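Right, one structure below, let's go through it.
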Amino acid sequence: MKPDEKKLRGNMIETCLKMNAHGINQGTSGNLSVRYGDGFLITPSSTPYDQISPEDIVQMDWDGTYLGPRPSSEWRFHRDILKTRVDVDVVLHCHSTFATAVACHHRDIPAFHYIVGLMGGNTLRCAPYATFGTQELSNAAIDALDGRMACLLAQHGQISLGKNVDGALAMAIEVESLAKIYINACAFGEPPVLSDNEMDRVLEQMKRMSYGRGPEADDALDIAKPRLA
């Protein structure tokens, strides 16, 4: 095993342990995959994260063949997402409590809060229900993730994407936090939704911030500027 691959496998295990520490995953549920070489690495099936060693991480090819223990039962949607979404390198799936609660109602989360924009649009979509581990579930997830960095899976959980494991984990935590706020907001009735025009502004601001820039417009009078020494 090459040093960079061993380090990546170790980072995957650390990320899975962080999922449990953040309370977005329980027991042996959830799974994680990372693009690597001519295929991808994925967590094994039915193994507690605190018992996984780097050697237990499964190496898979795009045709579904693998080396190592049996891969996660959800390997299909990991493979298909990584093949379809060349803009991301990590797929994280978990059964976080609040996101799953919303998904049990087959509900999209609308733009009731601007942070919905972090997921890439004006909704956090919920994919239709399909049996776990099936191609039907994979197809539904691909559709729900079109133009998005996360989605819910009806009566199942959530999927979050990233360029690296830290980014995918951060997205999953944001999804869970958003779902918690949405459930609490709905206690007063369905909350108002931001307009498409406003969400376009939000998405543009977020795009600019991702390049290390503040949310202010370039021509704003009060734009933040670094102080010269």
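In the structure tokens, each chain is lettered A, B, ... as it comes, each chain's residues begin at 1, and ligands are numbered from 1 in order of appearance.
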
For the contact check between stretch 108-151 of chain A and stretch 167-188 of chain A, emit one row per residue of stretch 108-151 of chain A within 12 Å, containing the shortest atom pair and the distance in Å rounded to one decimal, counting only C-alpha atoms, chain then rising number order, as a Markdown table.
```
| residue | atom | partner | partner_atom | distance |
| --- | --- | --- | --- | --- |
| A:Asp108 | CA | A:Ala179 | CA | 10.1 |
| A:Ile109 | CA | A:Tyr182 | CA | 7.5 |
| A:Pro110 | CA | A:Tyr182 | CA | 9.0 |
| A:Ala111 | CA | A:Tyr182 | CA | 9.9 |
| A:Phe112 | CA | A:Tyr182 | CA | 7.7 |
| A:His113 | CA | A:Leu178 | CA | 8.3 |
| A:Tyr114 | CA | A:Leu178 | CA | 10.0 |
| A:Ile115 | CA | A:Leu178 | CA | 7.5 |
| A:Val116 | CA | A:Leu178 | CA | 7.5 |
| A:Gly117 | CA | A:Leu178 | CA | 10.9 |
| A:Leu118 | CA | A:Met171 | CA | 8.1 |
| A:Met119 | CA | A:Met171 | CA | 7.8 |
| A:Gly120 | CA | A:Met171 | CA | 11.0 |
| A:Thr123 | CA | A:Leu178 | CA | 11.4 |
| A:Leu124 | CA | A:Val175 | CA | 8.5 |
| A:Arg125 | CA | A:Val175 | CA | 11.1 |
| A:Cys126 | CA | A:Ala179 | CA | 11.8 |
| A:Arg148 | CA | A:Met171 | CA | 11.2 |
| A:Met149 | CA | A:Met171 | CA | 7.8 |
| A:Ala150 | CA | A:Met171 | CA | 7.4 |
| A:Cys151 | CA | A:Val175 | CA | 8.4 |
```

Per residue of stretch 21-109 of chain A within 12 Å of stretch 9-12 of chain A, record the nearest atom pair and its distance in Å to one decimal, counting only C-alpha atoms, with rows in chain order and ascending residue number, as a tab-separated table.
```
residue	atom	partner	partner_atom	distance
A:Asn31	CA	A:Met12	CA	9.8
A:Leu32	CA	A:Met12	CA	7.2
A:Ser33	CA	A:Met12	CA	8.0
A:Val34	CA	A:Met12	CA	8.0
A:Arg35	CA	A:Arg9	CA	11.3
A:Tyr36	CA	A:Arg9	CA	10.3
A:Phe40	CA	A:Arg9	CA	11.0
A:Leu41	CA	A:Arg9	CA	7.8
A:Ile42	CA	A:Met12	CA	8.6
A:Thr43	CA	A:Met12	CA	8.0
A:Pro44	CA	A:Met12	CA	11.4
A:Tyr49	CA	A:Met12	CA	9.9
A:Asp50	CA	A:Gly10	CA	11.7
A:Ile52	CA	A:Gly10	CA	9.5
A:Ser53	CA	A:Gly10	CA	7.7
A:Pro54	CA	A:Arg9	CA	5.1
A:Glu55	CA	A:Arg9	CA	7.9
A:Asp56	CA	A:Arg9	CA	8.8
A:Ile57	CA	A:Arg9	CA	6.5
A:Val58	CA	A:Arg9	CA	9.3
A:Gln59	CA	A:Arg9	CA	10.1
A:Val90	CA	A:Met12	CA	9.9
A:Val91	CA	A:Met12	CA	11.0
A:Leu92	CA	A:Met12	CA	10.2
```

inquiry  = DSSP on the backbone: which residues in stretch 106-190 of chain A end up as alpha helix (DSSP H)? Give the answer as a PyMOL selection string.
reply    = chain A and resi 135-144+165-185

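Secondary structure of stretch 52-94 of chain A, strand (DSSP E) only (DSSP, backbone atoms): Val58, Gln59, Met60, Asp61, Tyr66, Leu67, Val90, Val91, Leu92, His93 and Cys94 of chain A.
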
Next, dump the selected residues to file, keeping only N, CA, C and O atoms, as a JSON list (two decimals), in the first residue's frame.
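The resulting file, part.json, is shown below:
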```json
[["chain", "number", "residue", "atom", "x", "y", "z"],
["A", 58, "VAL", "N", -12.21, -0.69, 1.53],
["A", 58, "VAL", "CA", -12.35, -1.50, 0.32],
["A", 58, "VAL", "C", -11.97, -0.69, -0.92],
["A", 58, "VAL", "O", -12.39, 0.46, -1.08],
["A", 59, "GLN", "N", -11.18, -1.29, -1.78],
["A", 59, "GLN", "CA", -10.84, -0.69, -3.07],
["A", 59, "GLN", "C", -11.78, -1.24, -4.13],
["A", 59, "GLN", "O", -11.89, -2.45, -4.31],
["A", 60, "MET", "N", -12.48, -0.33, -4.84],
["A", 60, "MET", "CA", -13.44, -0.76, -5.85],
["A", 60, "MET", "C", -13.13, -0.16, -7.21],
["A", 60, "MET", "O", -12.60, 0.95, -7.32],
["A", 61, "ASP", "N", -13.46, -0.91, -8.26],
["A", 61, "ASP", "CA", -13.38, -0.43, -9.63],
["A", 61, "ASP", "C", -14.77, -0.01, -10.08],
["A", 61, "ASP", "O", -15.78, -0.36, -9.46],
["A", 66, "TYR", "N", -14.07, -5.60, -6.50],
["A", 66, "TYR", "CA", -13.41, -4.98, -5.35],
["A", 66, "TYR", "C", -12.33, -5.87, -4.76],
["A", 66, "TYR", "O", -12.30, -7.09, -4.98],
["A", 67, "LEU", "N", -11.45, -5.23, -3.99],
["A", 67, "LEU", "CA", -10.41, -5.90, -3.22],
["A", 67, "LEU", "C", -10.61, -5.57, -1.76],
["A", 67, "LEU", "O", -10.78, -4.39, -1.41],
["A", 90, "VAL", "N", -15.67, 13.05, -3.02],
["A", 90, "VAL", "CA", -16.08, 12.36, -1.79],
["A", 90, "VAL", "C", -17.60, 12.29, -1.72],
["A", 90, "VAL", "O", -18.29, 13.28, -2.00],
["A", 91, "VAL", "N", -18.10, 11.12, -1.33],
["A", 91, "VAL", "CA", -19.53, 10.92, -1.09],
["A", 91, "VAL", "C", -19.70, 10.42, 0.34],
["A", 91, "VAL", "O", -19.10, 9.41, 0.73],
["A", 92, "LEU", "N", -20.50, 11.13, 1.12],
["A", 92, "LEU", "CA", -20.76, 10.76, 2.52],
["A", 92, "LEU", "C", -22.25, 10.52, 2.69],
["A", 92, "LEU", "O", -23.06, 11.35, 2.29],
["A", 93, "HIS", "N", -22.59, 9.40, 3.30],
["A", 93, "HIS", "CA", -23.99, 9.06, 3.56],
["A", 93, "HIS", "C", -24.16, 8.77, 5.04],
["A", 93, "HIS", "O", -23.34, 8.07, 5.64],
["A", 94, "CYS", "N", -25.22, 9.32, 5.64],
["A", 94, "CYS", "CA", -25.49, 9.04, 7.05],
["A", 94, "CYS", "C", -26.99, 9.13, 7.31],
["A", 94, "CYS", "O", -27.76, 9.60, 6.48]]
```

Determine, for each residue of stretch 22-105 of chain A having at least one atom at most 9 Å from an atom of stretch 155-163 of chain A, the closest pair of atoms and their separation in Å to one decimal, counting only C-alpha atoms; order by chain and ascending number, as CSV.
```
residue,atom,partner,partner_atom,distance
A:Gly30,CA,A:Gly157,CA,8.8
A:Asp87,CA,A:Lys163,CA,7.4
A:Val88,CA,A:Lys163,CA,4.7
A:Asp89,CA,A:Lys163,CA,4.9
A:Val90,CA,A:Gly162,CA,5.1
A:Val91,CA,A:Leu161,CA,4.8
A:Leu92,CA,A:Ser160,CA,5.2
A:His93,CA,A:Ile159,CA,4.5
A:Cys94,CA,A:Gln158,CA,5.8
A:His95,CA,A:Gly157,CA,4.3
A:Ser96,CA,A:Gly157,CA,6.5
A:Thr97,CA,A:Gly157,CA,8.1
A:Ala99,CA,A:Gly157,CA,6.4
A:Thr100,CA,A:Gly157,CA,4.5
A:Ala101,CA,A:Gln155,CA,7.8
A:Val102,CA,A:Gln155,CA,8.5
A:Ala103,CA,A:Gln155,CA,5.4
A:Cys104,CA,A:Gln155,CA,4.1
A:His105,CA,A:Gln155,CA,7.3
```

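If only C-alpha atoms are the atoms counted, then among A:Leu82, A:Met206, A:Gln51, A:Gly39 the closest residue to A:Asp63 is A:Gly39.
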
key: For atom CA of A:Phe98 and atom CA of A:Asn20, the interatomic separation in Å (one decimal)   = 14.7 Å

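When atom CA of A:Gln26 is paired with atom CA of A:Asn139, their separation reads 25.4 Å.
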